[in-house]
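A.B. asks: mmCIF, C-alpha atoms, saved as my_file_35.cif, coming up:
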data_upload
#
loop_
_atom_site.label_atom_id
_atom_site.label_comp_id
_atom_site.auth_asym_id
_atom_site.auth_seq_id
_atom_site.Cartn_x
_atom_site.Cartn_y
_atom_site.Cartn_z
CA MET A 1 90.94 116.62 123.95
CA LYS A 2 93.10 114.56 126.24
CA SER A 3 95.34 116.46 128.58
CA LEU A 4 98.09 118.53 127.10
CA GLU A 5 100.28 117.67 130.08
CA GLU A 6 100.22 114.10 128.94
CA LEU A 7 101.40 115.32 125.56
CA GLN A 8 104.40 116.99 127.15
CA LYS A 9 105.48 113.60 128.55
CA ILE A 10 104.92 111.97 125.16
CA LYS A 11 107.17 114.59 123.62
CA GLU A 12 109.99 113.87 126.05
CA ARG A 13 109.73 110.13 125.45
CA ALA A 14 109.63 110.61 121.68
CA LEU A 15 112.66 112.88 121.69
CA GLN A 16 114.59 110.38 123.80
CA ARG A 17 113.71 107.56 121.42
CA ARG A 18 114.65 109.60 118.36
CA LYS A 19 118.00 110.39 119.92
CA LEU A 20 118.65 106.68 120.36
CA ALA A 21 117.46 105.83 116.86
CA GLY A 22 119.76 108.38 115.30
CA GLU A 23 119.06 110.77 112.48
CA GLY A 24 116.88 110.17 109.47
CA ALA A 25 113.92 108.01 108.57
CA ARG A 26 114.19 104.31 107.97
CA ALA A 27 111.49 104.35 105.34
CA ARG A 28 108.83 106.42 103.64
CA ILE A 29 105.27 105.26 102.93
CA VAL A 30 103.04 107.21 100.57
CA VAL A 31 99.33 106.40 100.30
CA ALA A 32 97.54 107.59 97.16
CA MET A 33 94.29 109.16 98.31
CA GLY A 34 92.25 111.15 95.77
CA THR A 35 88.56 110.61 95.08
CA THR A 36 88.94 107.16 93.54
CA GLY A 37 91.55 106.08 96.09
CA ILE A 38 89.30 106.97 99.01
CA ALA A 39 86.39 105.18 97.35
CA ALA A 40 88.59 102.10 96.95
CA GLY A 41 89.49 102.12 100.64
CA ALA A 42 92.75 104.10 100.76
CA ARG A 43 91.69 105.89 103.93
CA ASP A 44 91.23 102.56 105.71
CA THR A 45 94.55 101.30 104.36
CA MET A 46 96.27 104.37 105.76
CA ALA A 47 94.52 103.89 109.11
CA VAL A 48 95.85 100.33 109.27
CA ILE A 49 99.38 101.51 108.45
CA LEU A 50 99.24 104.12 111.22
CA LYS A 51 97.81 101.55 113.64
CA GLU A 52 100.73 99.20 112.87
CA LEU A 53 103.30 101.95 113.48
CA GLU A 54 101.58 102.72 116.76
CA LYS A 55 101.30 99.08 117.80
CA ARG A 56 104.89 98.20 116.92
CA GLY A 57 106.31 101.45 118.28
CA ILE A 58 107.92 102.37 114.96
CA SER A 59 109.03 105.99 115.08
CA ASP A 60 111.34 106.29 112.09
CA VAL A 61 108.89 105.79 109.24
CA VAL A 62 107.35 108.78 107.50
CA VAL A 63 103.77 108.36 106.27
CA THR A 64 102.20 110.84 103.88
CA GLN A 65 99.38 110.89 101.39
CA THR A 66 99.15 112.24 97.88
CA GLY A 67 96.40 112.74 95.36
CA SER A 68 95.41 109.94 93.05
CA ALA A 69 98.30 108.02 91.55
CA GLY A 70 96.47 107.91 88.22
CA MET A 71 96.17 104.12 88.46
CA SER A 72 92.54 103.80 89.42
CA THR A 73 92.28 100.10 88.61
CA TYR A 74 94.99 99.25 91.16
CA GLU A 75 93.73 101.34 94.04
CA PRO A 76 94.37 101.54 96.91
CA VAL A 77 97.94 102.30 95.80
CA VAL A 78 100.78 102.51 98.33
CA GLN A 79 104.41 103.38 97.68
CA VAL A 80 107.26 102.26 99.90
CA GLN A 81 110.82 103.49 99.90
CA VAL A 82 113.34 102.04 102.32
CA GLY A 83 116.31 104.32 102.89
CA ASN A 84 117.65 105.47 99.58
CA SER A 85 116.55 102.43 97.65
CA GLU A 86 114.07 102.47 94.79
CA LEU A 87 110.52 103.70 95.41
CA ILE A 88 108.25 100.66 94.95
CA THR A 89 104.59 101.06 93.98
CA TYR A 90 102.08 98.47 95.20
CA GLY A 91 98.50 97.97 94.01
CA ASN A 92 95.28 96.77 95.63
CA VAL A 93 96.71 97.34 99.09
CA ASP A 94 93.95 96.39 101.49
CA ALA A 95 94.40 96.09 105.24
CA ASN A 96 95.99 92.64 105.08
CA ARG A 97 98.45 93.61 102.37
CA ALA A 98 99.34 96.80 104.27
CA VAL A 99 100.34 94.80 107.34
CA THR A 100 102.39 92.39 105.24
CA LEU A 101 104.14 95.27 103.44
CA ILE A 102 105.16 96.76 106.77
CA GLU A 103 106.52 93.42 107.96
CA LYS A 104 108.27 92.36 104.77
CA HIS A 105 109.30 95.54 103.00
CA VAL A 106 109.47 98.33 105.59
CA LEU A 107 110.95 96.25 108.40
CA GLY A 108 112.45 93.35 106.43
CA GLY A 109 113.73 95.31 103.44
CA GLU A 110 112.30 92.74 101.05
CA VAL A 111 110.22 93.89 98.04
CA VAL A 112 106.95 91.98 97.65
CA ALA A 113 107.19 91.61 93.89
CA GLU A 114 103.82 89.96 93.30
CA TRP A 115 101.89 93.05 94.45
CA GLN A 116 104.10 95.53 92.65
CA VAL A 117 102.61 97.59 89.81
CA LYS A 118 104.86 99.02 87.16
CA MET B 1 74.12 106.79 94.77
CA THR B 2 77.61 107.98 95.15
CA ILE B 3 80.93 106.23 95.17
CA PHE B 4 81.46 107.00 98.87
CA ARG B 5 79.74 104.91 101.47
CA ASP B 6 79.75 107.54 104.19
CA LEU B 7 80.22 111.25 104.86
CA SER B 8 83.65 110.87 106.45
CA GLN B 9 84.98 109.80 103.03
CA HIS B 10 83.43 112.88 101.40
CA ILE B 11 85.07 115.05 104.05
CA LEU B 12 88.54 113.61 103.41
CA ASP B 13 88.05 114.09 99.67
CA ILE B 14 87.03 117.75 100.08
CA ALA B 15 89.88 118.34 102.55
CA GLU B 16 92.32 117.02 99.98
CA ASN B 17 91.14 119.66 97.50
CA GLY B 18 92.13 122.29 100.06
CA VAL B 19 95.58 120.79 100.55
CA LYS B 20 96.11 120.65 96.79
CA ALA B 21 95.26 124.35 96.76
CA GLY B 22 98.12 124.97 99.20
CA ALA B 23 96.14 125.26 102.43
CA THR B 24 98.03 125.35 105.74
CA LEU B 25 94.86 125.15 107.85
CA LEU B 26 91.82 122.95 107.37
CA HIS B 27 88.83 123.81 109.49
CA LEU B 28 86.18 121.11 109.73
CA THR B 29 82.92 122.01 111.43
CA ILE B 30 80.16 119.49 112.01
CA GLU B 31 76.91 120.68 113.52
CA GLU B 32 74.16 118.27 114.43
CA ASN B 33 70.92 119.90 115.43
CA THR B 34 68.25 117.38 116.36
CA ALA B 35 65.56 120.01 117.03
CA ALA B 36 65.93 121.45 113.53
CA ASP B 37 66.74 117.97 112.17
CA THR B 38 69.84 119.17 110.35
CA LEU B 39 73.39 118.00 109.91
CA ARG B 40 75.73 120.68 108.65
CA ILE B 41 79.26 119.96 107.45
CA VAL B 42 81.64 122.80 106.64
CA VAL B 43 85.17 122.34 105.31
CA GLN B 44 87.07 125.59 105.20
CA ASP B 45 90.60 125.96 103.88
CA ASN B 46 93.03 128.83 103.57
CA GLY B 47 94.41 127.67 100.23
CA SER B 48 94.73 129.66 97.04
CA GLY B 49 90.97 129.87 96.47
CA MET B 50 89.23 130.06 93.12
CA ASN B 51 88.04 132.86 90.93
CA ALA B 52 84.37 133.15 89.97
CA GLU B 53 84.92 131.41 86.65
CA THR B 54 86.51 128.28 88.19
CA LEU B 55 84.04 128.29 91.07
CA ALA B 56 81.16 128.16 88.59
CA LYS B 57 82.61 124.98 87.10
CA VAL B 58 83.49 122.88 90.17
CA GLU B 59 79.99 121.52 90.69
CA ASP B 60 80.08 120.20 87.15
CA PRO B 61 80.90 116.46 87.20
CA TRP B 62 83.05 116.80 84.10
CA TYR B 63 85.29 119.50 85.47
CA THR B 64 88.61 118.79 87.16
CA THR B 65 91.88 120.53 87.92
CA ARG B 66 93.73 117.27 87.69
CA THR B 67 96.00 116.34 84.86
CA THR B 68 96.36 112.58 85.37
CA ARG B 69 92.73 111.83 84.64
CA ASN B 70 90.00 113.91 83.14
CA VAL B 71 87.10 113.41 85.50
CA GLY B 72 86.70 115.11 88.87
CA LEU B 73 83.76 113.84 90.80
CA GLY B 74 84.36 114.67 94.45
CA ILE B 75 82.43 117.92 94.69
CA PRO B 76 79.46 116.92 92.49
CA PHE B 77 79.07 113.73 94.53
CA PHE B 78 79.03 115.64 97.82
CA LYS B 79 76.49 118.09 96.37
CA GLN B 80 74.32 115.27 95.14
CA ALA B 81 74.45 113.50 98.51
CA ALA B 82 73.23 116.66 100.29
CA GLU B 83 70.53 117.46 97.76
CA MET B 84 69.21 113.90 97.88
CA CYS B 85 68.64 114.39 101.62
CA ALA B 86 66.45 117.50 101.49
CA GLY B 87 69.59 119.51 102.12
CA ALA B 88 71.65 122.17 100.44
CA PHE B 89 75.15 122.63 99.14
CA ARG B 90 77.29 125.68 98.66
CA ILE B 91 80.87 126.52 97.83
CA THR B 92 82.27 129.97 98.34
CA SER B 93 85.79 130.92 97.45
CA GLU B 94 88.02 133.91 97.17
CA PRO B 95 91.39 133.96 95.42
CA GLY B 96 94.16 134.31 98.01
CA VAL B 97 91.82 133.67 100.93
CA GLY B 98 90.55 130.11 100.55
CA THR B 99 87.52 127.99 99.89
CA THR B 100 84.58 127.00 102.05
CA THR B 101 82.45 123.99 101.19
CA GLU B 102 79.19 123.61 103.07
CA ALA B 103 76.75 120.73 102.91
CA ILE B 104 73.49 120.52 104.85
CA PHE B 105 71.49 117.31 105.24
CA GLN B 106 68.17 116.50 106.80
CA HIS B 107 69.58 114.63 109.79
CA SER B 108 66.90 111.94 109.87
CA HIS B 109 66.59 111.54 106.09
CA ILE B 110 66.35 107.89 105.11
CA ASP B 111 69.01 108.34 102.43
CA ARG B 112 71.46 110.29 104.54
CA PRO B 113 74.78 108.45 104.61
CA PRO B 114 76.16 107.87 108.10
CA LEU B 115 79.02 110.08 109.27
CA GLY B 116 81.19 106.97 109.17
CA ASP B 117 84.74 106.73 110.46
CA LEU B 118 85.38 110.35 111.37
CA ALA B 119 88.34 109.37 113.54
CA GLY B 120 89.96 107.65 110.56
CA THR B 121 89.39 110.65 108.30
CA LEU B 122 90.76 113.07 110.89
CA LEU B 123 93.81 110.93 111.57
CA CYS B 124 94.57 110.83 107.83
CA MET B 125 94.15 114.60 107.63
CA ILE B 126 96.33 115.27 110.67
CA VAL B 127 99.14 112.82 109.90
CA GLY B 128 98.97 112.51 106.13
CA PHE B 129 98.88 116.16 105.13
CA ALA B 130 102.37 117.19 106.19
CA GLY B 131 102.56 120.77 107.41
CA VAL B 132 98.79 121.29 107.41
CA ASP B 133 97.01 122.10 110.65
CA VAL B 134 93.54 120.81 111.38
CA LEU B 135 90.88 122.47 113.49
CA TYR B 136 87.96 120.14 114.14
CA GLN B 137 84.83 121.38 115.85
CA HIS B 138 81.85 119.11 116.25
CA CYS B 139 78.73 119.92 118.19
CA VAL B 140 75.48 118.17 118.88
CA ASP B 141 72.61 120.45 119.88
CA ALA B 142 75.03 122.98 121.29
CA CYS B 143 75.41 125.10 118.22
CA ALA B 144 72.16 127.01 117.76
CA ASP B 145 74.16 130.18 117.24
CA THR B 146 77.25 129.34 115.26
CA ALA B 147 78.71 132.78 115.75
CA ARG B 148 78.83 132.10 119.45
CA ALA B 149 79.58 128.39 119.46
CA ASP B 150 82.06 128.90 122.28
CA THR B 151 79.31 130.10 124.58
CA ALA B 152 77.13 127.08 123.86
CA ARG B 153 75.36 125.86 126.96
CA ALA B 154 76.95 122.65 128.09
CA ASP B 155 73.74 121.39 129.67
CA THR B 156 71.78 121.32 126.41
CA GLY B 157 74.32 119.81 124.11
CA ARG B 158 77.74 118.36 123.59
CA ASN B 159 80.72 119.54 121.68
CA PHE B 160 84.26 118.53 120.94
CA THR B 161 87.18 120.50 119.57
CA LEU B 162 90.58 119.32 118.46
CA ASP B 163 93.13 121.84 117.27
CA THR B 164 96.44 120.43 116.01
CA ARG B 165 98.05 123.85 116.41
CA GLU B 166 97.83 123.36 120.19
CA ILE B 167 99.38 119.91 119.87
CA ARG B 168 102.10 121.15 117.52
CA ALA B 169 102.92 123.99 119.92
CA ILE B 170 103.79 121.42 122.59
CA LEU B 171 105.47 118.80 120.40
CA GLY B 172 107.70 121.30 118.61
CA ASP B 173 109.27 120.59 115.23
CA ASP B 174 111.22 117.46 116.16
CA VAL B 175 108.37 115.11 117.04
CA PRO B 176 106.12 114.22 114.08
CA PHE B 177 102.45 113.32 114.36
CA SER B 178 103.37 109.85 113.07
CA ASP B 179 105.33 109.10 116.24
CA PRO B 180 103.70 105.98 117.76
CA ASP B 181 102.97 107.64 121.09
CA VAL B 182 101.54 110.70 119.37
CA LEU B 183 99.39 108.45 117.17
CA ALA B 184 98.08 106.73 120.28
CA PHE B 185 97.35 110.13 121.85
CA LEU B 186 95.50 111.31 118.73
CA ASN B 187 93.52 108.06 118.48
CA GLU B 188 92.48 108.20 122.10
CA SER B 189 91.58 111.88 121.93
CA LEU B 190 89.45 111.38 118.83
CA HIS B 191 87.68 108.30 120.13
CA GLU B 192 87.00 109.85 123.50
CA GLY B 193 85.70 113.01 121.85
CA LEU B 194 83.50 111.19 119.39
CA THR B 195 82.13 108.92 122.11
CA SER B 196 81.30 111.89 124.29
CA LEU B 197 79.39 113.46 121.39
CA GLN B 198 77.10 110.46 121.17
CA GLY B 199 75.79 111.04 124.69
CA GLU B 200 73.13 108.68 126.01
CA THR B 201 70.53 109.10 123.31
CA THR B 202 72.22 107.41 120.39
#
Go ahead and express the file in the form of structure tokens.
C.D. replies:
Amino acid sequence: MKSLEELQKIKERALQRRKLAGEGARARIVVAMGTTGIAAGARDTMAVILKELEKRGISDVVVTQTGSAGMSTYEPVVQVQVGNSELITYGNVDANRAVTLIEKHVLGGEVVAEWQVK
Amino acid sequence: MTIFRDLSQHILDIAENGVKAGATLLHLTIEENTAADTLRIVVQDNGSGMNAETLAKVEDPWYTTRTTRNVGLGIPFFKQAAEMCAGAFRITSEPGVGTTTEAIFQHSHIDRPPLGDLAGTLLCMIVGFAGVDVLYQHCVDACADTARADTARADTGRNFTLDTREIRAILGDDVPFSDPDVLAFLNESLHEGLTSLQGETT
């Protein structure tokens, strides 16, 4: 493992940034994993989402995973909720779509209706 | 044939079972022994466990605990993958203690799926399962005696351990694993560790 001293510095930086950003998360992203989700590429979708947060230095978005969303034909399925607005469910979210969803919905606040599943 | 293209996907799938069973610690052990030509994968959780009756059913492809769909295939697929590669598969479980899933493969078997993107699987486990700690121990030819893995001779093999409890102890409760700097730290740690495991031979 990399040095734990380095981690101490990361903690201080992160706390400083969170103080500036204020309380609460900007958005919540939920990736449906489950056996069929993983087979459809949900793990790779999640990896891309995390990579984007890392790359763009986004610290106020919560990313979690759940079991299968019960929508196997649309997997990988990703849900996005910005602030207290409605939780939007997206289907067939591959790496490219994941990046677009972060740009448009998470950061831009704009629902990408064409990928939405209801 | 299974629906997963590599073992790292099986591992994430099995780990998810543990989280659904309320686990707070997932312990992933991977042991590669080139002399014995074995690859051993153990996923141990401290979730609610299963009684003997449920345990007897989980290797059955038509059994599932889920309610949204009626087919649960994760465990039978993992079992099949191991057995196709001159290996073995075993699940042990105890109510209130947890479940241990163990799959052994002939390392060099032509049909053995690659380990795949272990870093991706571990990152998903660490970040995606909120409140669940992950202990990852991976050794290559340094694990002849698993009971004394910590005394493995460094000159004959390589090993890598990542314990999120150590990371959590430093970060405290206010900095999540999804913080961009923490993500970068985790990514680098995992890639460095996995690269060091490969050594010069592969």
A.B. asks: Considering all atoms listed in the file, state which residue in the set B:Gln106, B:Asp45, B:Leu73, B:Leu118 is at the smallest distance from chain A.
C.D. replies: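 Ranked by minimum distance to chain A, first place goes to B:Leu73.
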A.B. asks: When the PyMOL selection byres ((chain B) within 9 of (chain A)) is applied to the structure above, which residues does it catch, written out as a VMD selection string?
C.D. replies: chain B and resid 3 to 5 9 to 10 12 to 14 16 to 17 20 68 to 69 72 to 74 120 to 121 123 to 125 127 to 130 160 to 163 166 to 167 170 to 172 174 to 176 178 to 186 188 to 190 192 to 193
A.B. asks: To test your reading of the syntax: which residues would the PyMOL selection byres ((chain B and resi 108) around 10) return for the file shown? Reply as a list in words.
C.D. replies: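 Answer for the PyMOL selection byres ((chain B and resi 108) around 10): Thr34, Asp37, Thr38, Leu39, Cys85, Phe105, Gln106, His107, His109, Ile110, Asp111 and Arg112 of chain B.
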A.B. asks: Might you pull out every residue within 12 Å of B:Gly47, with only C-alpha atoms counted and same-chain residues fewer than 2 positions away left off, and present them as a VMD selection string?
C.D. replies: chain B and resid 15 to 27 43 to 45 49 to 50 93 to 100 132
A.B. asks: Atom CA of A:Gln79 to atom CA of B:Leu135: how many Å, to one decimal?
C.D. replies: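 Separation of atom CA of A:Gln79 and atom CA of B:Leu135: 28.2 Å.
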A.B. asks: One number please: atom CA of B:Asn187 to atom CA of B:Ile104, in Å, one decimal.
C.D. replies: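 Taking atom CA of B:Asn187 as the start and atom CA of B:Ile104 as the end point, the length is 27.2 Å.
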A.B. asks: Atom CA of B:Asp141 and atom CA of B:Phe89, how far apart in Å?
C.D. replies: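 Separation of atom CA of B:Phe89 and atom CA of B:Asp141: 21.0 Å.
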A.B. asks: With distances taken over only C-alpha atoms, which of A:Val93, A:Ile102, A:Ala25, A:Leu20 is nearest to A:Thr73?
C.D. replies: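 Ranked by minimum distance to A:Thr73, first place goes to A:Val93.
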A.B. asks: Written as number ranges by chain, which residues does the PyMOL selection byres ((chain A and resi 109-112) around 10) give for the file shown?
C.D. replies: A: 27, 80-83, 85-86, 88-90, 97, 100-108, 113-116
A.B. asks: Smallest atom-to-atom distance to B:Ser8: which of B:Thr54, B:Leu28, B:Gly116, B:Lys79, using all atoms listed in the file?
C.D. replies: B:Gly116
